[in-house]
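Novice: Have a peek at query34.cif (mmCIF, C-alpha atoms and all ligand atoms).
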data_run
loop_
_atom_site.label_atom_id
_atom_site.label_comp_id
_atom_site.auth_asym_id
_atom_site.auth_seq_id
_atom_site.Cartn_x
_atom_site.Cartn_y
_atom_site.Cartn_z
CA MET A 1191 -7.06 20.11 -0.17
CA GLU A 1192 -3.75 18.44 -0.91
CA ARG A 1193 -3.87 14.65 -1.16
CA GLN A 1194 -1.21 14.35 1.56
CA GLN A 1195 -3.51 16.00 4.09
CA VAL A 1196 -6.57 14.07 2.95
CA LEU A 1197 -5.45 10.46 2.48
CA HIS A 1198 -5.56 8.34 5.59
CA MET A 1199 -6.95 4.93 6.39
CA LYS A 1200 -9.92 4.85 8.78
CA GLY A 1201 -8.21 5.14 12.18
CA GLY A 1202 -8.90 3.57 15.56
CA VAL A 1203 -9.87 -0.01 16.27
CA GLY A 1204 -13.66 0.14 15.71
CA GLU A 1205 -15.68 -2.14 13.41
CA GLU A 1206 -15.17 0.22 10.44
CA SER A 1207 -11.47 0.89 11.06
CA TYR A 1208 -8.67 -0.10 8.71
CA ALA A 1209 -7.27 -2.13 11.62
CA LYS A 1210 -10.39 -4.36 11.47
CA ASN A 1211 -10.72 -4.36 7.66
CA SER A 1212 -7.25 -5.09 6.31
CA VAL A 1213 -7.33 -8.87 5.91
CA ILE A 1214 -6.43 -8.74 2.20
CA GLN A 1215 -3.39 -6.60 3.00
CA THR A 1216 -2.39 -9.14 5.69
CA THR A 1217 -2.56 -11.83 2.99
CA TYR A 1218 -0.13 -9.91 0.77
CA LEU A 1219 2.17 -9.37 3.73
CA SER A 1220 2.21 -13.08 4.61
CA LYS A 1221 2.83 -14.05 1.00
CA SER A 1222 5.79 -11.67 0.70
CA MET A 1223 7.61 -13.02 3.77
CA SER A 1224 9.65 -15.63 1.85
CA VAL A 1225 11.16 -12.84 -0.28
CA LEU A 1226 11.87 -10.81 2.87
CA TRP A 1227 13.50 -13.85 4.50
CA GLN A 1228 15.73 -14.43 1.49
CA ALA A 1229 16.72 -10.74 1.32
CA LEU A 1230 17.79 -10.74 4.98
CA GLN A 1231 19.85 -13.93 4.95
CA ASP A 1232 22.83 -12.33 3.16
CA LEU A 1233 22.54 -9.09 5.08
CA ALA A 1234 22.42 -10.89 8.44
CA SER A 1235 25.41 -13.07 7.53
CA SER A 1236 27.64 -10.10 6.71
CA ASN A 1237 29.17 -7.73 9.25
CA LEU A 1238 26.06 -6.44 10.99
CA PRO A 1239 26.46 -3.17 12.85
CA GLU A 1240 25.63 -2.98 16.58
CA SER A 1241 22.49 -1.07 15.70
CA VAL A 1242 20.30 -1.94 12.69
CA THR A 1243 17.94 0.73 11.30
CA ILE A 1244 14.65 -0.37 9.72
CA ALA A 1245 12.08 1.84 7.97
CA GLU A 1246 8.48 0.69 7.51
CA LEU A 1247 6.91 2.97 4.88
CA GLY A 1248 3.13 3.47 4.74
CA CYS A 1249 2.76 1.75 8.13
CA SER A 1250 -0.90 2.77 8.73
CA SER A 1251 -2.35 1.45 12.01
CA GLY A 1252 -3.56 -2.01 12.91
CA PRO A 1253 -2.22 -5.57 12.88
CA ASN A 1254 -0.11 -4.99 9.74
CA THR A 1255 1.84 -1.99 11.05
CA LEU A 1256 4.49 -4.02 12.88
CA PHE A 1257 4.05 -7.32 11.03
CA ALA A 1258 7.22 -7.02 8.92
CA VAL A 1259 9.23 -5.37 11.72
CA THR A 1260 8.44 -8.42 13.89
CA GLU A 1261 9.64 -10.74 11.13
CA ILE A 1262 12.76 -8.72 10.28
CA THR A 1263 13.97 -8.56 13.88
CA SER A 1264 13.20 -12.26 14.48
CA ILE A 1265 15.00 -13.36 11.30
CA ILE A 1266 18.08 -11.31 12.25
CA CYS A 1267 18.07 -12.54 15.88
CA LYS A 1268 17.74 -16.17 14.72
CA ARG A 1269 20.58 -15.75 12.22
CA CYS A 1270 22.78 -14.19 14.95
CA ARG A 1271 22.06 -17.16 17.25
CA GLU A 1272 23.07 -19.57 14.45
CA LEU A 1273 26.31 -17.63 13.93
CA GLY A 1274 26.97 -17.43 17.68
CA ARG A 1275 26.86 -13.64 17.69
CA PRO A 1276 24.97 -11.27 20.00
CA PRO A 1277 21.94 -9.71 18.30
CA PRO A 1278 22.06 -6.01 17.35
CA ASP A 1279 19.66 -3.47 18.76
CA PHE A 1280 17.07 -2.04 16.40
CA LEU A 1281 16.02 1.48 15.51
CA VAL A 1282 12.64 1.37 13.77
CA TYR A 1283 11.12 4.26 11.84
CA LEU A 1284 7.38 3.98 11.23
CA ASN A 1285 6.44 6.28 8.36
CA ASP A 1286 3.08 7.35 7.00
CA LEU A 1287 1.34 10.53 5.86
CA PRO A 1288 0.74 13.09 8.65
CA ALA A 1289 -3.01 12.31 8.94
CA ASN A 1290 -2.30 8.66 9.80
CA ASP A 1291 -3.55 7.45 13.19
CA PHE A 1292 -0.10 7.32 14.82
CA ASN A 1293 -1.71 7.57 18.27
CA THR A 1294 -3.27 4.11 17.96
CA VAL A 1295 0.11 2.76 16.85
CA PHE A 1296 1.95 4.37 19.77
CA ARG A 1297 -0.63 3.08 22.27
CA SER A 1298 0.04 -0.48 21.08
CA LEU A 1299 3.81 -0.25 21.65
CA PRO A 1300 4.11 -1.34 25.32
CA ASP A 1301 2.35 -4.65 24.49
CA PHE A 1302 4.45 -5.01 21.37
CA HIS A 1303 7.74 -4.54 23.25
CA GLN A 1304 6.70 -7.18 25.77
CA LYS A 1305 5.73 -9.70 23.05
CA MET A 1306 9.04 -9.15 21.23
CA GLN A 1307 10.99 -9.78 24.41
CA GLU A 1308 9.06 -13.04 25.00
CA LYS A 1309 9.43 -14.14 21.36
CA ASN A 1310 13.16 -13.45 21.01
CA GLY A 1311 14.47 -14.38 24.43
CA PRO A 1312 16.49 -12.64 27.14
CA GLU A 1313 19.30 -11.61 24.78
CA PHE A 1314 16.91 -9.44 22.77
CA GLN A 1315 18.16 -5.87 22.75
CA PRO A 1316 15.85 -2.91 23.23
CA MET A 1317 14.01 -1.74 20.13
CA TYR A 1318 13.73 2.02 19.62
CA ILE A 1319 10.61 2.98 17.67
CA CYS A 1320 9.79 6.43 16.27
CA GLY A 1321 7.03 7.82 14.05
CA VAL A 1322 8.04 9.69 10.89
CA PRO A 1323 5.12 11.64 9.38
CA GLY A 1324 5.73 12.61 5.75
CA SER A 1325 5.46 11.40 2.18
CA PHE A 1326 7.74 8.66 0.97
CA TYR A 1327 7.83 10.55 -2.33
CA ASP A 1328 10.02 13.12 -0.50
CA ARG A 1329 13.26 12.89 1.48
CA ILE A 1330 12.23 11.74 4.98
CA PHE A 1331 15.41 10.29 6.53
CA SER A 1332 18.97 11.51 6.94
CA SER A 1333 21.73 10.41 4.55
CA LYS A 1334 22.83 6.76 4.49
CA CYS A 1335 21.10 5.80 7.72
CA LEU A 1336 18.80 2.90 6.66
CA HIS A 1337 19.81 -0.78 6.53
CA ILE A 1338 16.39 -2.23 5.68
CA VAL A 1339 13.35 -0.60 4.08
CA HIS A 1340 10.03 -2.39 3.97
CA SER A 1341 6.67 -1.29 2.58
CA SER A 1342 3.46 -3.14 1.85
CA SER A 1343 0.20 -2.21 0.12
CA SER A 1344 1.26 1.44 -0.10
CA LEU A 1345 3.26 2.16 -3.26
CA HIS A 1346 0.21 1.81 -5.50
CA TRP A 1347 -0.89 5.16 -3.99
CA LEU A 1348 0.32 7.98 -6.22
CA SER A 1349 1.55 11.30 -4.85
CA GLN A 1350 -1.35 13.00 -6.66
CA VAL A 1351 -4.07 12.50 -9.25
CA PRO A 1352 -2.28 12.85 -12.61
CA PRO A 1353 -2.31 16.63 -13.27
CA GLU A 1354 -3.78 16.15 -16.77
CA LEU A 1355 -7.02 14.94 -15.14
CA SER A 1356 -7.34 17.82 -12.71
CA ASP A 1357 -6.32 20.62 -15.08
CA LYS A 1358 -8.93 23.35 -14.43
CA GLU A 1359 -8.73 24.83 -17.96
CA ASN A 1360 -8.62 21.73 -20.14
CA PRO A 1361 -9.01 18.53 -18.11
CA VAL A 1362 -8.83 15.06 -19.63
CA ILE A 1363 -12.16 13.53 -18.54
CA ASN A 1364 -12.56 9.92 -17.42
CA LYS A 1365 -16.34 10.02 -17.93
CA GLY A 1366 -18.38 8.50 -15.10
CA LYS A 1367 -15.35 6.66 -13.70
CA ILE A 1368 -13.16 7.10 -10.66
CA PHE A 1369 -10.25 4.96 -11.85
CA LEU A 1370 -9.00 3.34 -15.07
CA SER A 1371 -11.63 1.36 -16.92
CA LYS A 1372 -12.15 -0.22 -20.36
CA THR A 1373 -13.90 3.04 -21.39
CA SER A 1374 -11.02 5.30 -20.27
CA PRO A 1375 -9.56 7.40 -23.11
CA PRO A 1376 -5.91 6.65 -24.02
CA ALA A 1377 -4.89 10.07 -22.61
CA VAL A 1378 -6.18 9.02 -19.16
CA ILE A 1379 -4.32 5.71 -19.31
CA LYS A 1380 -1.12 7.47 -20.36
CA ALA A 1381 -1.49 10.11 -17.62
CA TYR A 1382 -1.73 7.43 -14.89
CA LYS A 1383 1.27 5.55 -16.22
CA THR A 1384 3.36 8.74 -16.44
CA GLN A 1385 2.42 9.70 -12.87
CA PHE A 1386 3.49 6.26 -11.64
CA GLN A 1387 6.83 6.55 -13.46
CA ARG A 1388 7.47 10.01 -11.96
CA ASP A 1389 6.52 8.88 -8.44
CA PHE A 1390 8.33 5.56 -8.41
CA SER A 1391 11.45 7.19 -9.81
CA SER A 1392 11.34 9.88 -7.05
CA PHE A 1393 10.79 7.14 -4.47
CA LEU A 1394 13.92 5.29 -5.66
CA LYS A 1395 15.98 8.48 -5.91
CA PHE A 1396 15.15 9.61 -2.35
CA ARG A 1397 15.64 6.15 -0.85
CA SER A 1398 18.98 5.84 -2.66
CA ALA A 1399 20.20 8.81 -0.63
CA GLU A 1400 18.97 7.26 2.63
CA VAL A 1401 19.87 3.56 2.29
CA ILE A 1402 23.45 2.39 2.97
CA PRO A 1403 25.35 0.56 0.18
CA GLU A 1404 24.23 -3.13 0.19
CA GLY A 1405 21.12 -2.11 2.17
CA ARG A 1406 17.88 -3.92 1.27
CA MET A 1407 14.40 -2.78 0.26
CA VAL A 1408 11.47 -5.20 0.10
CA LEU A 1409 8.38 -3.58 -1.38
CA SER A 1410 5.05 -5.25 -1.99
CA PHE A 1411 2.14 -3.48 -3.63
CA ARG A 1412 -0.74 -4.01 -6.05
CA ALA A 1413 0.38 -4.49 -9.66
CA ARG A 1414 -0.57 -6.00 -13.01
CA ARG A 1415 0.77 -9.23 -14.46
CA THR A 1416 -0.42 -8.24 -17.93
CA PRO A 1417 0.49 -5.32 -20.24
CA ASP A 1418 -3.24 -4.62 -20.75
CA PRO A 1419 -3.70 -1.40 -18.70
CA THR A 1420 -7.31 -2.21 -17.83
CA PRO A 1421 -7.67 -5.94 -17.04
CA GLU A 1422 -10.70 -6.89 -14.98
CA GLU A 1423 -8.51 -7.98 -12.08
CA SER A 1424 -7.41 -4.33 -11.73
CA CYS A 1425 -10.64 -2.56 -12.63
CA LEU A 1426 -13.67 -4.62 -11.60
CA LEU A 1427 -14.12 -3.28 -8.07
CA TRP A 1428 -13.46 0.32 -9.18
CA ASP A 1429 -16.05 -0.18 -11.94
CA TYR A 1430 -18.63 -1.34 -9.37
CA LEU A 1431 -17.89 1.73 -7.25
CA GLY A 1432 -18.05 3.97 -10.34
CA GLU A 1433 -21.47 2.47 -11.15
CA ALA A 1434 -22.65 3.22 -7.60
CA PHE A 1435 -21.53 6.84 -8.06
CA GLN A 1436 -23.38 7.04 -11.40
CA ASP A 1437 -26.58 5.84 -9.70
CA LEU A 1438 -26.24 8.64 -7.14
CA VAL A 1439 -25.86 11.09 -10.03
CA ALA A 1440 -29.03 9.64 -11.65
CA GLN A 1441 -30.89 10.13 -8.34
CA GLY A 1442 -29.75 13.78 -8.21
CA LEU A 1443 -27.72 13.19 -5.03
CA ILE A 1444 -24.46 14.31 -6.60
CA GLU A 1445 -23.71 16.47 -9.63
CA GLU A 1446 -22.34 14.85 -12.75
CA GLU A 1447 -19.51 17.37 -12.89
CA LYS A 1448 -18.53 16.49 -9.32
CA LEU A 1449 -18.15 12.83 -10.36
CA ASP A 1450 -16.21 13.71 -13.51
CA THR A 1451 -13.69 15.66 -11.43
CA TYR A 1452 -13.10 12.86 -8.89
CA ASN A 1453 -10.23 10.52 -9.72
CA THR A 1454 -8.42 8.12 -7.45
CA PRO A 1455 -4.64 8.67 -7.08
CA TYR A 1456 -3.98 4.96 -7.42
CA HIS A 1457 -2.15 2.88 -10.02
CA GLU A 1458 -1.36 -0.79 -10.49
CA PRO A 1459 1.79 -0.83 -12.62
CA TYR A 1460 2.72 -3.63 -15.01
CA THR A 1461 5.66 -5.64 -13.63
CA GLU A 1462 7.81 -4.77 -16.69
CA ASP A 1463 7.22 -1.05 -16.02
CA ILE A 1464 8.49 -1.52 -12.45
CA LYS A 1465 11.64 -3.25 -13.74
CA ALA A 1466 12.17 -0.52 -16.34
CA GLU A 1467 11.95 2.22 -13.70
CA VAL A 1468 14.43 0.45 -11.38
CA GLU A 1469 16.88 0.15 -14.29
CA ARG A 1470 16.35 3.72 -15.47
CA GLU A 1471 16.84 5.23 -12.00
CA GLY A 1472 19.93 3.06 -11.55
CA SER A 1473 20.66 3.14 -7.77
CA PHE A 1474 19.29 -0.32 -6.91
CA THR A 1475 19.78 -3.84 -8.29
CA LEU A 1476 16.58 -5.81 -8.71
CA ASP A 1477 17.28 -9.02 -6.81
CA ARG A 1478 13.86 -10.67 -6.97
CA MET A 1479 10.35 -9.98 -8.19
CA GLU A 1480 7.38 -12.26 -7.51
CA ILE A 1481 3.67 -12.07 -8.22
CA ASN A 1482 1.37 -12.63 -5.24
CA VAL A 1483 -2.28 -13.39 -5.75
CA ALA A 1484 -5.10 -13.11 -3.22
CA PRO A 1485 -8.37 -14.95 -3.90
CA TRP A 1486 -11.51 -13.09 -4.94
CA ASP A 1487 -13.06 -13.54 -1.50
CA GLY A 1488 -9.83 -12.87 0.40
CA VAL A 1489 -11.67 -10.23 2.49
CA ASN A 1490 -13.48 -13.12 4.20
CA GLY A 1491 -10.24 -14.26 5.83
CA GLY A 1492 -10.43 -17.81 4.48
CA ASN A 1493 -14.14 -18.33 5.28
CA LYS A 1494 -16.64 -19.23 2.57
CA TYR A 1495 -19.66 -16.91 2.47
CA GLU A 1496 -22.44 -16.22 0.00
CA ARG A 1497 -21.81 -13.36 -2.40
CA ALA A 1498 -23.90 -10.82 -0.46
CA THR A 1499 -21.71 -11.24 2.65
CA THR A 1500 -18.54 -11.03 0.55
CA ALA A 1501 -19.94 -7.82 -0.98
CA GLU A 1502 -20.47 -6.34 2.51
CA ASN A 1503 -16.97 -7.25 3.60
CA MET A 1504 -15.50 -5.77 0.41
CA ALA A 1505 -17.47 -2.57 0.94
CA LYS A 1506 -16.05 -2.24 4.46
CA ALA A 1507 -12.50 -2.88 3.25
CA ILE A 1508 -12.76 -0.39 0.36
CA ARG A 1509 -14.47 2.21 2.55
CA ALA A 1510 -11.81 1.97 5.29
CA VAL A 1511 -9.20 2.87 2.67
CA ASN A 1512 -11.05 5.40 0.46
CA GLU A 1513 -13.44 7.18 2.84
CA SER A 1514 -11.18 10.15 3.66
CA MET A 1515 -10.71 11.01 -0.03
CA ILE A 1516 -14.34 10.45 -1.09
CA GLU A 1517 -15.68 12.47 1.87
CA SER A 1518 -13.33 15.35 1.21
CA HIS A 1519 -14.62 15.67 -2.39
CA PHE A 1520 -18.33 14.79 -2.06
CA GLY A 1521 -19.08 15.42 1.64
CA PRO A 1522 -19.98 12.81 4.28
CA GLU A 1523 -23.74 12.65 3.49
CA ILE A 1524 -23.41 10.33 0.51
CA MET A 1525 -21.19 7.72 2.13
CA ASP A 1526 -23.77 5.24 3.47
CA ARG A 1527 -25.88 5.32 0.29
CA LEU A 1528 -22.84 5.02 -1.94
CA PHE A 1529 -21.56 1.89 -0.23
CA GLN A 1530 -25.05 0.38 0.12
CA ARG A 1531 -25.42 0.73 -3.65
CA PHE A 1532 -21.92 -0.72 -4.16
CA ILE A 1533 -22.94 -3.78 -2.13
CA GLU A 1534 -26.13 -4.24 -4.20
CA ILE A 1535 -24.27 -3.93 -7.53
CA LEU A 1536 -21.52 -6.34 -6.49
CA ALA A 1537 -23.96 -8.86 -5.00
CA ALA A 1538 -26.11 -8.84 -8.17
CA ASP A 1539 -23.20 -9.71 -10.45
CA THR A 1540 -21.43 -13.08 -10.73
CA LYS A 1541 -17.94 -12.09 -11.87
CA GLU A 1542 -14.93 -13.03 -9.76
CA VAL A 1543 -11.34 -11.89 -10.23
CA GLU A 1544 -8.13 -12.55 -8.34
CA HIS A 1545 -6.41 -9.61 -6.63
CA VAL A 1546 -2.85 -9.29 -7.90
CA GLY A 1547 0.20 -7.84 -6.19
CA VAL A 1548 3.95 -7.89 -6.65
CA VAL A 1549 6.84 -8.16 -4.20
CA VAL A 1550 10.13 -6.62 -5.23
CA SER A 1551 13.47 -7.12 -3.47
CA LEU A 1552 16.12 -4.47 -4.20
CA ILE A 1553 19.76 -4.03 -3.15
CA ARG A 1554 21.35 -0.57 -2.92
CA LYS A 1555 24.37 -0.54 -5.27
C1 LIG B 1601 -3.52 0.28 2.41
S1 LIG B 1601 -2.52 1.02 3.62
C2 LIG B 1601 -1.31 -0.22 3.93
C3 LIG B 1601 -0.92 -0.24 5.37
C4 LIG B 1601 0.00 -1.38 5.81
N1 LIG B 1601 1.33 -1.22 5.28
C5 LIG B 1601 -0.57 -2.72 5.41
O1 LIG B 1601 0.13 -3.50 4.74
O2 LIG B 1601 -1.71 -3.02 5.79
C6 LIG B 1601 -1.59 2.20 2.69
C7 LIG B 1601 -0.86 3.20 3.58
O3 LIG B 1601 0.07 3.95 2.78
C8 LIG B 1601 0.03 5.28 3.23
N2 LIG B 1601 0.56 6.14 2.18
C9 LIG B 1601 0.03 6.39 0.96
N3 LIG B 1601 0.80 7.27 0.30
C10 LIG B 1601 1.85 7.56 1.11
C11 LIG B 1601 2.98 8.40 0.98
N4 LIG B 1601 3.19 9.12 -0.12
N5 LIG B 1601 3.86 8.47 2.00
C12 LIG B 1601 3.67 7.74 3.13
N6 LIG B 1601 2.60 6.92 3.31
C13 LIG B 1601 1.71 6.84 2.31
C14 LIG B 1601 -1.44 5.51 3.53
O4 LIG B 1601 -1.64 6.64 4.33
C15 LIG B 1601 -1.81 4.21 4.20
O5 LIG B 1601 -1.65 4.24 5.59
#
Translate the structure described by the file into structure tokens.
Specialist:
Amino acid sequence: MERQQVLHMKGGVGEESYAKNSVIQTTYLSKSMSVLWQALQDLASSNLPESVTIAELGCSSGPNTLFAVTEITSIICKRCRELGRPPPDFLVYLNDLPANDFNTVFRSLPDFHQKMQEKNGPEFQPMYICGVPGSFYDRIFSSKCLHIVHSSSSLHWLSQVPPELSDKENPVINKGKIFLSKTSPPAVIKAYKTQFQRDFSSFLKFRSAEVIPEGRMVLSFRARRTPDPTPEESCLLWDYLGEAFQDLVAQGLIEEEKLDTYNTPYHEPYTEDIKAEVEREGSFTLDRMEINVAPWDGVNGGNKYERATTAENMAKAIRAVNESMIESHFGPEIMDRLFQRFIEILAADTKEVEHVGVVVSLIRK
């Protein structure tokens, strides 16, 4: 099945949902807010239109979906108060792939509207919110309609597994792995980098048609701060999961060939490669780029736990994100065993790495 139909975070609000297991992503969001604030100061000081259009790309469902929208509207309203101007109204597009749990998002909107009214005071204009199902690697909005684009923890997802790895005739094999690793052949590393370049360039090209001149984009996603394509801070957790898969192969629960043909459509680009792609595509000026780091045990939400509990929390977080893709390739039967083994492997090791992300602020030329 196509990745677009398969990839979705675990929906709903249950214990295993993405909504309940996205603390690390909340950390990245919080850490990127100073860049968002700075990007909006100039915009909000210039001639704001009566209606401001915001797009949140890869919105998912849960506490992070409207996090940035809340900040953006509050920053603009505050700036308008300082300048003695009435606030604009807001049109908000929430985008994600079609299989996203938009229903949970829509159900949360009445409460959200009420909170926004309380937070921003009686002058606050109505906010019009719509869902936009589709891939942000395609055109999804009409021409020159967006003032502000925001996206977090989403652009590290590629539009597809690099085709070189899924070529039926002559595939490049990433033996026993599901993502880049120290043992990955150079052809695999190159294929992932090329896929990122193609995707990010398409993303910029399509947004350039949709964002007004001087419009802002603030994008935060997982990235590398080193040119080494396989540092432990990018690969360690994927290596643990790969090892859990290999154990299931050894137990005869999945076929080796099935594992060799599973690859995750995910890439953490090096910051210099992001800059290079922005320059090459040419429609946006790179205003700011900052590295954001989450601690090894960030999934614990600031609590200190022993490694076994951290391992369980990490398993829940990784499962909430990857389950739809793993299930579609291997079937649902292996899921509990796979993640139980992942927990054991992680808990038995002592390594710790930081989780690295980047936040990029761009201005449409
Ligand atoms: C890890 S979640 C991040 C959700 C939320 N922004 C946050 O910060 O917690 C990544 C989201 O990106 C979405 N996504 C991935 N590729 C996408 C694409 N090509 N177009 C639109 N959404 C995409 C996924 O479906 C998922 O909901």
Novice: With only C-alpha atoms as the basis for distance, which of A:Glu1458, A:Pro1353, A:Gly1202, A:Lys1367 is at the shortest distance from Arg1297 (chain A)?
Specialist: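 Smallest distance to Arg1297 (chain A) is found for A:Gly1202.
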Novice: Can you measure CA of Ala1484 (chain A) to CA of Ser1374 (chain A) for me? One decimal in Å is fine.
Specialist: 25.8 Å
Novice: Find the residues near ligand LIG 1601 (chain B). Use a cut-off of 8 Å, count only C-alpha atoms and all ligand atoms, and write them as a JSON list (two decimals) with C-alpha atoms, in the coordinates of the input.
Specialist:
[["chain", "number", "residue", "atom", "x", "y", "z"],
["A", 1194, "GLN", "CA", -1.21, 14.35, 1.56],
["A", 1197, "LEU", "CA", -5.45, 10.46, 2.48],
["A", 1198, "HIS", "CA", -5.56, 8.34, 5.59],
["A", 1199, "MET", "CA", -6.95, 4.93, 6.39],
["A", 1212, "SER", "CA", -7.25, -5.09, 6.31],
["A", 1215, "GLN", "CA", -3.39, -6.60, 3.00],
["A", 1216, "THR", "CA", -2.39, -9.14, 5.69],
["A", 1218, "TYR", "CA", -0.13, -9.91, 0.77],
["A", 1219, "LEU", "CA", 2.17, -9.37, 3.73],
["A", 1246, "GLU", "CA", 8.48, 0.69, 7.51],
["A", 1247, "LEU", "CA", 6.91, 2.97, 4.88],
["A", 1248, "GLY", "CA", 3.13, 3.47, 4.74],
["A", 1249, "CYS", "CA", 2.76, 1.75, 8.13],
["A", 1250, "SER", "CA", -0.90, 2.77, 8.73],
["A", 1251, "SER", "CA", -2.35, 1.45, 12.01],
["A", 1252, "GLY", "CA", -3.56, -2.01, 12.91],
["A", 1253, "PRO", "CA", -2.22, -5.57, 12.88],
["A", 1254, "ASN", "CA", -0.11, -4.99, 9.74],
["A", 1255, "THR", "CA", 1.84, -1.99, 11.05],
["A", 1285, "ASN", "CA", 6.44, 6.28, 8.36],
["A", 1286, "ASP", "CA", 3.08, 7.35, 7.00],
["A", 1287, "LEU", "CA", 1.34, 10.53, 5.86],
["A", 1289, "ALA", "CA", -3.01, 12.31, 8.94],
["A", 1290, "ASN", "CA", -2.30, 8.66, 9.80],
["A", 1323, "PRO", "CA", 5.12, 11.64, 9.38],
["A", 1324, "GLY", "CA", 5.73, 12.61, 5.75],
["A", 1325, "SER", "CA", 5.46, 11.40, 2.18],
["A", 1326, "PHE", "CA", 7.74, 8.66, 0.97],
["A", 1327, "TYR", "CA", 7.83, 10.55, -2.33],
["A", 1328, "ASP", "CA", 10.02, 13.12, -0.50],
["A", 1341, "SER", "CA", 6.67, -1.29, 2.58],
["A", 1342, "SER", "CA", 3.46, -3.14, 1.85],
["A", 1343, "SER", "CA", 0.20, -2.21, 0.12],
["A", 1344, "SER", "CA", 1.26, 1.44, -0.10],
["A", 1345, "LEU", "CA", 3.26, 2.16, -3.26],
["A", 1346, "HIS", "CA", 0.21, 1.81, -5.50],
["A", 1347, "TRP", "CA", -0.89, 5.16, -3.99],
["A", 1348, "LEU", "CA", 0.32, 7.98, -6.22],
["A", 1349, "SER", "CA", 1.55, 11.30, -4.85],
["A", 1511, "VAL", "CA", -9.20, 2.87, 2.67]]
Novice: Could you check which of A:Val1203, A:Leu1230, A:Met1479, A:Val1213 is closest to Asn1293 (chain A), using only C-alpha atoms?
Specialist: A:Val1203
Novice: Expressed in Å to a single decimal, how great is the separation between CA of Ser1514 (chain A) and CA of Thr1420 (chain A)?
Specialist: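 Computed distance, CA of Ser1514 (chain A) to CA of Thr1420 (chain A), equals 25.1 Å.
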Novice: Could you check which of A:Ile1244, A:Arg1406, A:Val1339, A:Thr1451 is closest to Lys1358 (chain A), using only C-alpha atoms?
Specialist: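 Smallest distance to Lys1358 (chain A) is found for A:Thr1451.
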Novice: Have a look at A:Leu1226, A:Val1351, A:Met1306, A:Ala1258 and name the one nearest to Met1515 (chain A); count only C-alpha atoms.
Specialist: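 Going through A:Leu1226, A:Val1351, A:Met1306, A:Ala1258 one by one, the smallest distance to Met1515 (chain A) is for A:Val1351.
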Novice: What is the distance, in Å and to one decimal place, between CA of Asp1279 (chain A) and CA of Glu1240 (chain A)?
Specialist: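 The value is 6.4 Å.
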Novice: Need the neighbours of (20.6, -13.1, 6.1): which residues are at most 10 Å away, counting only C-alpha atoms, as a VMD selection string?
Specialist: chain A and resid 1226 to 1236 1238 1262 1265 to 1266 1268 to 1270
Novice: Using only C-alpha atoms, give me every residue within 9 Å of (-4.5, 12.9, -7.9) in file coordinates, as a PyMOL selection string.
Specialist: chain A and resi 1192-1193+1348-1353+1355-1356+1452-1456
Novice: Go through A:Pro1522, A:Gly1547, A:Gly1488, A:Pro1288 and flag the residue nearest Tyr1460 (chain A), using all atoms listed in the file for the distances.
Specialist: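 Once distances to Tyr1460 (chain A) are computed over all atoms listed in the file, the minimum belongs to A:Gly1547.
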Novice: Using all atoms listed in the file, find the one residue out of A:Gly1491, A:Gly1201, A:Pro1459, A:Gly1472 that sits nearest to Leu1370 (chain A).
Specialist: A:Pro1459
Novice: Give me, as a list in words, all polymer residues having an atom no more than 9 Å from Glu1467 (chain A), counting only C-alpha atoms and skipping those fewer than 3 positions away in the same chain.
Specialist: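 Once the nearby chain positions are removed, what remains is Gln1387, Phe1390, Ser1391, Leu1394, Glu1462, Asp1463, Ile1464, Arg1470, Glu1471 and Gly1472 of chain A.
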Novice: Which centre and edge lengths in Å to one decimal define the box along x, y and z that fits every listed atom of region 1531-1545 of chain A plus 4 Å per side, as lines of an AutoDock Vina configuration file?
Specialist:
center_x = -16.3
center_y = -6.2
center_z = -7.0
size_x = 27.7
size_y = 21.8
size_z = 17.7
Novice: Can you put N, CA and C atoms back into region 1439-1446 of chain A and show it as a CSV table (one decimal), in the coordinates of the input?
Specialist:
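Below is the file that was written, rebuild_3.csv:
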chain,number,residue,atom,x,y,z
A,1439,VAL,N,-25.7,10.0,-9.1
A,1439,VAL,CA,-25.9,11.1,-10.0
A,1439,VAL,C,-27.3,11.0,-10.6
A,1440,ALA,N,-27.7,9.8,-11.1
A,1440,ALA,CA,-29.0,9.6,-11.6
A,1440,ALA,C,-30.1,10.0,-10.7
A,1441,GLN,N,-29.9,9.8,-9.4
A,1441,GLN,CA,-30.9,10.1,-8.3
A,1441,GLN,C,-30.8,11.6,-7.9
A,1442,GLY,N,-29.9,12.4,-8.5
A,1442,GLY,CA,-29.8,13.8,-8.2
A,1442,GLY,C,-29.1,14.0,-6.9
A,1443,LEU,N,-28.4,13.0,-6.3
A,1443,LEU,CA,-27.7,13.2,-5.0
A,1443,LEU,C,-26.3,13.8,-5.2
A,1444,ILE,N,-25.7,13.6,-6.3
A,1444,ILE,CA,-24.5,14.3,-6.6
A,1444,ILE,C,-24.5,14.8,-8.0
A,1445,GLU,N,-23.7,15.9,-8.3
A,1445,GLU,CA,-23.7,16.5,-9.6
A,1445,GLU,C,-22.8,15.7,-10.5
A,1446,GLU,N,-23.2,15.6,-11.8
A,1446,GLU,CA,-22.3,14.8,-12.8
A,1446,GLU,C,-20.9,15.4,-12.8
